[in-house]
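File shown here: model39.pdb, holding PDB, C-alpha atoms.
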ATOM      1  CA  MET A  24      10.289  10.620  -8.885
ATOM      2  CA  ALA A  25      12.779   8.736  -6.789
ATOM      3  CA  ALA A  26      14.440  10.336  -3.785
ATOM      4  CA  LEU A  27      17.876  10.104  -5.412
ATOM      5  CA  ASP A  28      16.588  11.876  -8.531
ATOM      6  CA  ARG A  29      15.297  14.727  -6.404
ATOM      7  CA  LEU A  30      18.553  14.992  -4.508
ATOM      8  CA  ILE A  31      20.576  15.151  -7.734
ATOM      9  CA  VAL A  32      18.288  17.806  -9.186
ATOM     10  CA  LEU A  33      18.630  19.815  -5.987
ATOM     11  CA  VAL A  34      22.440  19.539  -6.090
ATOM     12  CA  VAL A  35      22.493  20.681  -9.732
ATOM     13  CA  VAL A  36      20.249  23.619  -8.905
ATOM     14  CA  ILE A  37      22.525  24.648  -6.031
ATOM     15  CA  ALA A  38      25.626  24.292  -8.232
ATOM     16  CA  LEU A  39      24.087  26.463 -10.966
ATOM     17  CA  LEU A  40      22.984  29.059  -8.422
ATOM     18  CA  GLY A  41      26.485  29.118  -6.933
ATOM     19  CA  LEU A  42      28.048  29.567 -10.354
ATOM     20  CA  GLY A  43      25.575  32.328 -11.157
ATOM     21  CA  ILE A  44      26.361  34.144  -7.929
ATOM     22  CA  LEU A  45      30.131  33.836  -8.539
ATOM     23  CA  VAL A  46      29.814  35.240 -12.074
ATOM     24  CA  ALA A  47      27.612  38.047 -10.796
ATOM     25  CA  MET A  48      30.203  38.864  -8.131
ATOM     26  CA  THR A  49      32.940  38.845 -10.772
ATOM     27  CA  THR A  50      31.071  41.417 -12.864
ATOM     28  CA  LEU A  51      30.831  43.544  -9.729
ATOM     29  CA  GLY A  52      34.603  43.466  -9.334
ATOM     30  CA  ASN A  53      34.983  40.586  -6.910
ATOM     31  CA  LYS A  54      38.011  38.422  -7.650
ATOM     32  CA  VAL A  55      37.025  35.158  -5.886
ATOM     33  CA  LEU A  56      36.220  33.260  -9.094
ATOM     34  CA  LEU A  57      39.236  34.641 -10.966
ATOM     35  CA  ASN A  58      41.581  33.844  -8.106
ATOM     36  CA  TRP A  59      40.209  30.329  -7.916
ATOM     37  CA  LEU A  60      40.684  29.801 -11.656
ATOM     38  CA  ILE A  61      44.245  31.011 -11.435
ATOM     39  CA  ARG A  62      44.851  28.756  -8.441
ATOM     40  CA  VAL A  63      43.511  25.719 -10.347
ATOM     41  CA  GLN A  64      46.280  26.251 -12.907
ATOM     42  CA  THR A  65      48.771  25.234 -10.267
ATOM     43  CA  VAL A  66      46.773  23.089  -7.870
ATOM     44  CA  ARG A  67      45.105  20.887 -10.492
ATOM     45  CA  LEU A  68      43.408  18.402  -8.176
ATOM     46  CA  ASP A  69      40.647  20.849  -7.165
ATOM     47  CA  GLY A  70      39.824  21.537 -10.787
ATOM     48  CA  PHE A  71      39.744  17.874 -11.768
ATOM     49  CA  LEU A  72      37.535  17.031  -8.815
ATOM     50  CA  LEU A  73      35.000  19.718  -9.667
ATOM     51  CA  VAL A  74      34.977  18.769 -13.348
ATOM     52  CA  LEU A  75      34.439  15.124 -12.440
ATOM     53  CA  ILE A  76      31.500  15.948 -10.168
ATOM     54  CA  LEU A  77      29.890  18.189 -12.787
ATOM     55  CA  PHE A  78      30.295  15.538 -15.487
ATOM     56  CA  LEU A  79      28.726  12.873 -13.272
ATOM     57  CA  LEU A  80      25.799  15.147 -12.458
ATOM     58  CA  ALA A  81      25.270  15.897 -16.148
ATOM     59  CA  LEU A  82      25.436  12.206 -17.004
ATOM     60  CA  TYR A  83      22.877  11.367 -14.337
ATOM     61  CA  LEU A  84      20.474  14.022 -15.610
ATOM     62  CA  VAL A  85      20.789  12.761 -19.177
ATOM     63  CA  LEU A  86      20.071   9.196 -18.084
ATOM     64  CA  MET A  87      17.100  10.410 -16.068
ATOM     65  CA  LEU A  88      15.693  12.212 -19.071
ATOM     66  CA  PHE A  89      16.268   9.178 -21.244
ATOM     67  CA  ASN A  90      14.386   6.970 -18.791
ATOM     68  CA  GLU A  91      11.513   9.423 -18.742
ATOM     69  CA  LEU A  92      11.262   9.333 -22.537
ATOM     70  CA  LYS A  93      11.560   5.591 -22.617
ATOM     71  CA  THR A  94       8.563   4.917 -20.365
ATOM     72  CA  ASP A  95       5.719   3.348 -22.230
ATOM     73  CA  LYS A  96       2.931   5.856 -22.759
ATOM     74  CA  ARG A  97       0.394   3.327 -24.023
ATOM     75  CA  ALA A  98      -2.767   2.684 -22.056
ATOM     76  CA  ILE A  99      -6.012   0.812 -22.107
ATOM     77  CA  VAL A 100      -8.755   3.355 -22.560
ATOM     78  CA  SER A 101     -12.407   2.893 -21.817
ATOM     79  CA  GLN A 102     -15.179   5.436 -21.992
ATOM     80  CA  THR A 103     -17.716   6.034 -19.266
ATOM     81  CA  PRO A 104     -20.630   8.481 -19.239
ATOM     82  CA  LEU A 105     -18.512  10.790 -17.093
ATOM     83  CA  GLY A 106     -15.285  10.704 -19.059
ATOM     84  CA  SER A 107     -12.506   8.329 -19.984
ATOM     85  CA  VAL A 108     -10.588   5.868 -17.848
ATOM     86  CA  ARG A 109      -7.003   5.200 -18.900
ATOM     87  CA  ILE A 110      -5.070   2.359 -17.348
ATOM     88  CA  SER A 111      -1.374   2.614 -18.057
ATOM     89  CA  ILE A 112       0.773  -0.223 -19.367
ATOM     90  CA  GLN A 113       2.868  -0.089 -16.194
ATOM     91  CA  THR A 114      -0.235  -0.753 -14.127
ATOM     92  CA  ILE A 115      -1.181  -3.745 -16.258
ATOM     93  CA  SER A 116       2.336  -5.195 -16.037
ATOM     94  CA  GLU A 117       2.472  -4.789 -12.268
ATOM     95  CA  LEU A 118      -0.907  -6.454 -11.846
ATOM     96  CA  VAL A 119      -0.015  -9.360 -14.119
ATOM     97  CA  TYR A 120       3.320  -9.766 -12.356
ATOM     98  CA  GLN A 121       1.653 -10.061  -8.956
ATOM     99  CA  ALA A 122      -1.080 -12.348 -10.258
ATOM    100  CA  VAL A 123       1.416 -14.749 -11.807
ATOM    101  CA  ARG A 124       3.759 -14.700  -8.823
ATOM    102  CA  ALA A 125       0.867 -15.813  -6.637
ATOM    103  CA  ILE A 126       0.525 -19.053  -8.611
ATOM    104  CA  GLU A 127       2.133 -22.062  -7.033
ATOM    105  CA  GLY A 128       5.173 -23.334  -8.887
ATOM    106  CA  ILE A 129       6.274 -20.002 -10.343
ATOM    107  CA  LYS A 130       9.657 -18.717  -9.302
ATOM    108  CA  ASP A 131       9.797 -15.556 -11.367
ATOM    109  CA  VAL A 132       8.102 -13.941 -14.312
ATOM    110  CA  LYS A 133       8.927 -11.183 -16.782
ATOM    111  CA  VAL A 134       5.936  -9.446 -18.294
ATOM    112  CA  ASN A 135       5.992  -7.846 -21.690
ATOM    113  CA  ILE A 136       2.976  -6.253 -23.289
ATOM    114  CA  GLY A 137       2.966  -6.705 -27.028
ATOM    115  CA  GLU A 138      -0.282  -5.154 -28.129
ATOM    116  CA  VAL A 139      -2.756  -3.039 -26.249
ATOM    117  CA  GLU A 140      -5.828  -3.241 -28.462
ATOM    118  CA  PRO A 141      -6.541  -6.130 -28.195
ATOM    119  CA  LEU A 142      -4.396  -6.948 -25.216
ATOM    120  CA  GLN A 143      -1.560  -9.376 -25.895
ATOM    121  CA  LEU A 144       0.821 -10.464 -23.189
ATOM    122  CA  ASP A 145       4.145 -12.242 -23.371
ATOM    123  CA  LEU A 146       5.230 -13.959 -20.188
ATOM    124  CA  ARG A 147       8.653 -15.467 -19.579
ATOM    125  CA  LEU A 148       8.497 -17.866 -16.682
ATOM    126  CA  GLN A 149      10.993 -19.407 -14.375
ATOM    127  CA  LEU A 150       9.581 -22.441 -12.620
ATOM    128  CA  PHE A 151      10.226 -24.556  -9.644
ATOM    129  CA  PRO A 152      10.866 -28.175 -10.566
ATOM    130  CA  ASP A 153       8.372 -30.995 -10.142
ATOM    131  CA  TYR A 154       5.464 -29.269 -11.833
ATOM    132  CA  GLN A 155       3.823 -30.306 -15.059
ATOM    133  CA  VAL A 156       4.791 -27.512 -17.381
ATOM    134  CA  PRO A 157       1.855 -27.660 -19.828
ATOM    135  CA  GLN A 158      -0.646 -27.688 -16.992
ATOM    136  CA  LEU A 159       1.123 -24.887 -15.196
ATOM    137  CA  ALA A 160       1.210 -22.804 -18.354
ATOM    138  CA  GLU A 161      -2.511 -23.333 -18.789
ATOM    139  CA  THR A 162      -3.148 -22.293 -15.197
ATOM    140  CA  VAL A 163      -1.095 -19.157 -15.761
ATOM    141  CA  GLN A 164      -2.963 -18.280 -18.926
ATOM    142  CA  SER A 165      -6.405 -18.745 -17.468
ATOM    143  CA  SER A 166      -5.682 -16.989 -14.188
ATOM    144  CA  VAL A 167      -4.112 -13.998 -15.921
ATOM    145  CA  ARG A 168      -7.111 -13.762 -18.219
ATOM    146  CA  ASP A 169      -9.604 -14.036 -15.360
ATOM    147  CA  TYR A 170      -7.646 -11.668 -13.182
ATOM    148  CA  LEU A 171      -7.432  -8.921 -15.798
ATOM    149  CA  GLN A 172     -11.081  -9.367 -16.649
ATOM    150  CA  GLN A 173     -11.931  -8.907 -13.008
ATOM    151  CA  THR A 174      -9.650  -6.018 -12.013
ATOM    152  CA  VAL A 175      -9.178  -4.112 -15.246
ATOM    153  CA  GLY A 176     -12.288  -5.154 -17.118
ATOM    154  CA  ALA A 177     -10.265  -5.758 -20.253
ATOM    155  CA  GLU A 178     -10.521  -8.677 -22.638
ATOM    156  CA  VAL A 179      -7.245 -10.482 -23.145
ATOM    157  CA  ALA A 180      -6.656 -11.697 -26.671
ATOM    158  CA  ALA A 181      -3.553 -13.744 -26.031
ATOM    159  CA  VAL A 182      -1.285 -14.788 -23.194
ATOM    160  CA  ASN A 183       1.887 -16.220 -24.683
ATOM    161  CA  VAL A 184       3.922 -18.210 -22.227
ATOM    162  CA  MET A 185       7.568 -19.013 -22.626
ATOM    163  CA  VAL A 186       9.317 -21.106 -20.031
ATOM    164  CA  THR A 187      12.878 -19.888 -19.794
ATOM    165  CA  GLY A 188      14.170 -21.918 -16.923
ATOM    166  CA  VAL A 189      13.644 -24.273 -14.058
ATOM    167  CA  LEU A 190      15.251 -23.447 -10.780
ATOM    168  CA  SER A 191      16.445 -25.986  -8.322
ATOM    169  CA  GLN A 192      14.905 -25.555  -4.938
ATOM    170  CA  GLN A 193      17.146 -24.633  -2.069
ATOM    171  CA  ASP A 194      15.748 -27.047   0.445
ATOM    172  CA  PRO A 195      13.341 -29.659  -0.877
ATOM    173  CA  LYS A 196      12.499 -30.864   2.599
ATOM    174  CA  VAL A 197      10.574 -27.719   3.514
ATOM    175  CA  SER A 198       7.273 -27.165   1.787
TER     176      SER A 198
ATOM    177  CA  MET B  10      -7.936  31.228 -15.777
ATOM    178  CA  ALA B  11     -10.670  31.429 -13.216
ATOM    179  CA  GLU B  12     -14.316  30.681 -13.096
ATOM    180  CA  GLU B  13     -16.554  33.675 -13.135
ATOM    181  CA  GLN B  14     -20.201  34.026 -12.228
ATOM    182  CA  ARG B  15     -22.029  37.278 -12.649
ATOM    183  CA  ALA B  16     -24.290  37.904  -9.723
ATOM    184  CA  SER B  17     -26.306  41.041  -9.192
ATOM    185  CA  LEU B  18     -24.018  42.223  -6.418
ATOM    186  CA  GLY B  19     -20.729  41.435  -8.085
ATOM    187  CA  GLU B  20     -18.930  38.485  -9.468
ATOM    188  CA  LEU B  21     -17.772  35.205  -8.089
ATOM    189  CA  LYS B  22     -14.505  33.743  -9.215
ATOM    190  CA  ILE B  23     -13.266  30.325  -8.287
ATOM    191  CA  ALA B  24      -9.602  29.685  -8.961
ATOM    192  CA  ASN B  25      -8.478  26.553 -10.794
ATOM    193  CA  GLU B  26      -6.408  25.654  -7.776
ATOM    194  CA  VAL B  27      -9.504  25.498  -5.582
ATOM    195  CA  VAL B  28     -11.325  23.165  -7.954
ATOM    196  CA  GLY B  29      -8.133  21.096  -8.136
ATOM    197  CA  ILE B  30      -7.922  20.724  -4.357
ATOM    198  CA  ILE B  31     -11.589  19.785  -4.075
ATOM    199  CA  ALA B  32     -11.105  17.157  -6.790
ATOM    200  CA  GLY B  33      -7.903  15.818  -5.226
ATOM    201  CA  LEU B  34      -9.455  15.420  -1.781
ATOM    202  CA  ALA B  35     -12.622  13.862  -3.190
ATOM    203  CA  ALA B  36     -10.585  11.377  -5.211
ATOM    204  CA  THR B  37      -8.254  10.277  -2.403
ATOM    205  CA  GLU B  38     -11.123   9.558  -0.012
ATOM    206  CA  VAL B  39     -12.508   6.915  -2.373
ATOM    207  CA  GLU B  40     -11.729   3.394  -1.225
ATOM    208  CA  GLY B  41      -9.154   1.678  -3.408
ATOM    209  CA  VAL B  42      -7.203   4.829  -4.221
ATOM    210  CA  ALA B  43      -3.674   4.671  -2.840
ATOM    211  CA  GLY B  44      -2.752   8.211  -3.800
ATOM    212  CA  MET B  45      -2.303  10.791  -6.484
ATOM    213  CA  SER B  46       0.659  10.852  -8.810
ATOM    214  CA  GLY B  47       2.333  14.190  -9.449
ATOM    215  CA  GLY B  48       4.901  14.781 -12.167
ATOM    216  CA  ILE B  49       8.524  15.868 -11.867
ATOM    217  CA  ALA B  50       7.602  19.437 -10.998
ATOM    218  CA  GLY B  51       5.287  18.172  -8.289
ATOM    219  CA  GLY B  52       8.059  15.973  -6.925
ATOM    220  CA  ILE B  53      10.459  18.903  -6.623
ATOM    221  CA  ALA B  54       7.856  21.123  -4.981
ATOM    222  CA  GLU B  55       7.069  18.384  -2.489
ATOM    223  CA  MET B  56      10.755  17.864  -1.768
ATOM    224  CA  LEU B  57      11.021  21.523  -0.856
ATOM    225  CA  GLY B  58       8.357  20.924   1.739
ATOM    226  CA  ARG B  59       5.273  22.207   0.003
ATOM    227  CA  LYS B  60       2.324  19.920   0.549
ATOM    228  CA  ASN B  61       0.376  19.946  -2.640
ATOM    229  CA  LEU B  62      -3.276  19.097  -2.198
ATOM    230  CA  SER B  63      -4.012  19.269  -5.899
ATOM    231  CA  LYS B  64      -1.177  16.924  -6.816
ATOM    232  CA  GLY B  65      -2.010  14.722  -9.773
ATOM    233  CA  VAL B  66      -5.016  16.840 -10.729
ATOM    234  CA  LYS B  67      -5.443  18.826 -13.908
ATOM    235  CA  VAL B  68      -8.498  21.016 -14.172
ATOM    236  CA  GLU B  69     -10.019  23.149 -16.856
ATOM    237  CA  VAL B  70     -12.534  25.619 -15.592
ATOM    238  CA  GLY B  71     -14.833  27.496 -17.905
ATOM    239  CA  GLU B  72     -17.596  29.927 -17.064
ATOM    240  CA  HIS B  73     -20.092  27.356 -15.923
ATOM    241  CA  GLU B  74     -18.373  24.068 -16.567
ATOM    242  CA  ALA B  75     -15.326  22.206 -15.396
ATOM    243  CA  ALA B  76     -13.385  19.210 -16.661
ATOM    244  CA  VAL B  77     -10.985  17.257 -14.486
ATOM    245  CA  ASP B  78      -8.138  14.845 -15.209
ATOM    246  CA  LEU B  79      -6.951  12.740 -12.294
ATOM    247  CA  PHE B  80      -3.663  10.821 -12.200
ATOM    248  CA  ILE B  81      -3.951   8.102  -9.610
ATOM    249  CA  ILE B  82      -2.284   5.082  -8.051
ATOM    250  CA  VAL B  83      -4.698   2.325  -7.056
ATOM    251  CA  ASN B  84      -4.444  -0.321  -4.390
ATOM    252  CA  TYR B  85      -3.777  -3.912  -5.335
ATOM    253  CA  GLY B  86      -6.748  -6.234  -5.458
ATOM    254  CA  ILE B  87      -9.528  -3.823  -6.339
ATOM    255  CA  SER B  88     -11.623  -3.636  -9.473
ATOM    256  CA  ILE B  89     -10.319  -0.646 -11.379
ATOM    257  CA  PRO B  90     -13.484   0.124 -13.368
ATOM    258  CA  GLU B  91     -15.523   0.130 -10.176
ATOM    259  CA  VAL B  92     -13.107   2.401  -8.323
ATOM    260  CA  ALA B  93     -12.908   4.678 -11.361
ATOM    261  CA  ARG B  94     -16.675   4.979 -11.405
ATOM    262  CA  ASN B  95     -16.752   5.806  -7.697
ATOM    263  CA  ILE B  96     -14.067   8.455  -8.147
ATOM    264  CA  GLN B  97     -15.916  10.024 -11.048
ATOM    265  CA  ASN B  98     -19.153  10.220  -9.076
ATOM    266  CA  ASN B  99     -17.512  11.450  -5.890
ATOM    267  CA  VAL B 100     -15.439  14.118  -7.632
ATOM    268  CA  LYS B 101     -18.387  15.300  -9.685
ATOM    269  CA  GLN B 102     -20.590  15.582  -6.616
ATOM    270  CA  ALA B 103     -17.923  17.367  -4.584
ATOM    271  CA  ILE B 104     -17.166  19.972  -7.227
ATOM    272  CA  GLU B 105     -20.787  20.545  -8.156
ATOM    273  CA  GLY B 106     -21.838  20.738  -4.519
ATOM    274  CA  MET B 107     -19.147  23.186  -3.450
ATOM    275  CA  THR B 108     -18.761  25.408  -6.474
ATOM    276  CA  GLY B 109     -21.960  25.096  -8.474
ATOM    277  CA  LEU B 110     -19.923  24.389 -11.593
ATOM    278  CA  ASP B 111     -21.219  21.790 -13.987
ATOM    279  CA  VAL B 112     -18.708  18.969 -14.211
ATOM    280  CA  VAL B 113     -18.741  17.635 -17.760
ATOM    281  CA  GLU B 114     -15.801  15.256 -17.625
ATOM    282  CA  VAL B 115     -13.802  13.393 -15.011
ATOM    283  CA  ASN B 116     -11.036  11.489 -16.763
ATOM    284  CA  ILE B 117      -9.128   8.924 -14.752
ATOM    285  CA  HIS B 118      -5.536   7.984 -15.554
ATOM    286  CA  VAL B 119      -4.389   4.941 -13.615
ATOM    287  CA  LEU B 120      -0.601   5.201 -13.528
ATOM    288  CA  GLY B 121       0.343   2.492 -11.100
ATOM    289  CA  VAL B 122      -0.549  -0.037  -8.455
ATOM    290  CA  HIS B 123       0.297   0.153  -4.800
ATOM    291  CA  PHE B 124       1.068  -3.154  -3.151
ATOM    292  CA  PRO B 125       0.742  -3.529   0.581
ATOM    293  CA  GLN B 126       4.063  -4.182   2.276
ATOM    294  CA  PRO B 127       4.611  -7.902   1.766
ATOM    295  CA  VAL B 128       3.329  -9.596   4.866
ATOM    296  CA  GLN B 129       5.367 -12.627   5.746
ATOM    297  CA  GLU B 130       2.848 -15.333   5.057
ATOM    298  CA  GLU B 131       5.282 -18.171   5.007
ATOM    299  CA  GLN B 132       4.539 -20.761   7.620
ATOM    300  CA  PRO B 133       7.412 -21.367   9.959
ATOM    301  CA  PRO B 134       9.387 -24.237   8.483
ATOM    302  CA  GLU B 135       7.947 -27.461   9.773
ATOM    303  CA  ALA B 136      10.244 -29.494  11.867
ATOM    304  CA  PRO B 137      11.284 -32.550   9.917
ATOM    305  CA  PRO B 138       9.178 -35.513  11.036
ATOM    306  CA  ALA B 139      10.885 -37.564  13.622
ATOM    307  CA  ARG B 140      12.308 -40.700  12.140
ATOM    308  CA  VAL B 141      11.530 -42.754  15.159
ATOM    309  CA  LYS B 142       8.292 -42.556  17.045
TER     310      LYS B 142
END
Go ahead and express the file in the form of structure tokens.
Amino acid sequence: MAALDRLIVLVVVIALLGLGILVAMTTLGNKVLLNWLIRVQTVRLDGFLLVLILFLLALYLVLMLFNELKTDKRAIVSQTPLGSVRISIQTISELVYQAVRAIEGIKDVKVNIGEVEPLQLDLRLQLFPDYQVPQLAETVQSSVRDYLQQTVGAEVAAVNVMVTGVLSQQDPKVS
Amino acid sequence: MAEEQRASLGELKIANEVVGIIAGLAATEVEGVAGMSGGIAGGIAEMLGRKNLSKGVKVEVGEHEAAVDLFIIVNYGISIPEVARNIQNNVKQAIEGMTGLDVVEVNIHVLGVHFPQPVQEEQPPEAPPARVK
């Protein structure tokens, strides 16, 4: 959970607590909340500001929830005598990303995992110029396969490579 | 739910939390494990300043047996099956040694990879070769 997420949740909790306390005080005869509501009728800016903040908080929470639901729950599962080992899709993507980035000639890569059983990867590559694309693609395929075999112990059925662009180097004089 | 052992002089109960902490500590000391991964609730508790030693651990404790689920982040560059095996053995030994419970299952969930802070490996840019010697 990111630091910002925690902060927002904390702010919402404090806001709800504050509202609860104000309502409780109102039932006990305190007029703070009522007076404030009456005041907002004339001084509108305060009201608008509060409403805006509350709406933004609500929106953030909804987006957070949506992100949580959207995360891929698939995993590569293997059984050992002592129980199961599940390796999440996120882990696989991160590993593949790093492995591909380490290859010379690759500027950037987007990893998408199509199938888990058997494992199928789709890679979208951005390359530096002056490399032979078919050779580079082959290098990528074999190193991803070897790397996953080694670190995850999973067989890779397919590594589909799509070259989406070639970037021009900033300064060709420096290696 | 707590573990219960009938002894002649009374009974011994071991709380889930205790088994969870033992498992968490045993798992994090294995080489290749970057840390445990707690959920949203764990994140909030930690934010409020509560250090949770059984973060990322789910335990089920029966009368004589225990099953553990561990949610972990691994370091980059290790072999996951090997580390998983080490964790399973270490956690099993720790729980069995300290509580006498029979550990029937240690399930590992690898949720992410921790990369070391990128070390600047780039060589300093070479000075362009002098045109005239």
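Residue list for chain B within 6 Å of chain A: Ser88, Ile89, Glu114, Val115, Asn116, Ile117, His118, Val119, Leu120, Gly121 and Val122 of chain B, counting all atoms listed in the file.
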- Query: What does the distance from CA of Thr94 (chain A) to CA of Asn95 (chain B) come to in Å, to one decimal?
  - Reply: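 CA of Asn95 (chain B) lies 28.3 Å from CA of Thr94 (chain A).
Residues matched by the PyMOL selection byres ((chain A and resi 144) around 7) in this file: Asn135, Ile136, Gly137, Leu142, Gln143, Asp145, Leu146, Ala181, Val182 and Asn183 of chain A.
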- Task: Translate the PyMOL selection byres ((chain B and resi 21-26) around 12), as applied to the file shown, into an explicit residue set as number ranges by chain.
- Result: B: 10-20, 27-33, 61-77, 104, 107-110
- From A:Leu42, A:Leu150, A:Val85, A:Val119, residue lying nearest Tyr85 (chain B) [all atoms listed in the file]: A:Val119
- Point-to-point distance from CA of Val113 (chain B) to CA of Ile87 (chain B), Å rounded to tenths: 26.0 Å
So for region 42-61 of chain A, what box centre and size do we get, axis-aligned, 5 Å extra on each of the six sides, every listed atom, Å to one decimal, as AutoDock Vina command-line options?
--center_x 34.9 --center_y 36.6 --center_z -9.4 --size_x 28.7 --size_y 24.0 --size_z 17.0
- Query: Skipping near chain neighbours, those fewer than 6 positions away, what residues fall within 12 Å of region 75-79 of chain A using all atoms listed in the file, listed as a ChimeraX atom specification?
  - Reply: /A:31,34-39,42,68-69,85-86
- Task: Might you pull out every residue within 12 Å of Trp59 (chain A), with only C-alpha atoms counted and same-chain residues fewer than 6 positions away left off, and present them as a list in words?
- Result: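 Contacts, in chain order: Leu45, Thr49, Asn53, Thr65, Val66, Arg67, Asp69, Gly70 and Leu73 of chain A.
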Given the selection you just returned, output its residues as a file containing C-alpha atoms, formatted as a short mmCIF file (atom, residue, chain, number, x, y, z; two decimals), in the frame of the given file.
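Wrote it out as selection_18.cif, contents follow:
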data_model
loop_
_atom_site.label_atom_id
_atom_site.label_comp_id
_atom_site.auth_asym_id
_atom_site.auth_seq_id
_atom_site.Cartn_x
_atom_site.Cartn_y
_atom_site.Cartn_z
CA LEU A 45 30.13 33.84 -8.54
CA THR A 49 32.94 38.84 -10.77
CA ASN A 53 34.98 40.59 -6.91
CA THR A 65 48.77 25.23 -10.27
CA VAL A 66 46.77 23.09 -7.87
CA ARG A 67 45.10 20.89 -10.49
CA ASP A 69 40.65 20.85 -7.16
CA GLY A 70 39.82 21.54 -10.79
CA LEU A 73 35.00 19.72 -9.67
#
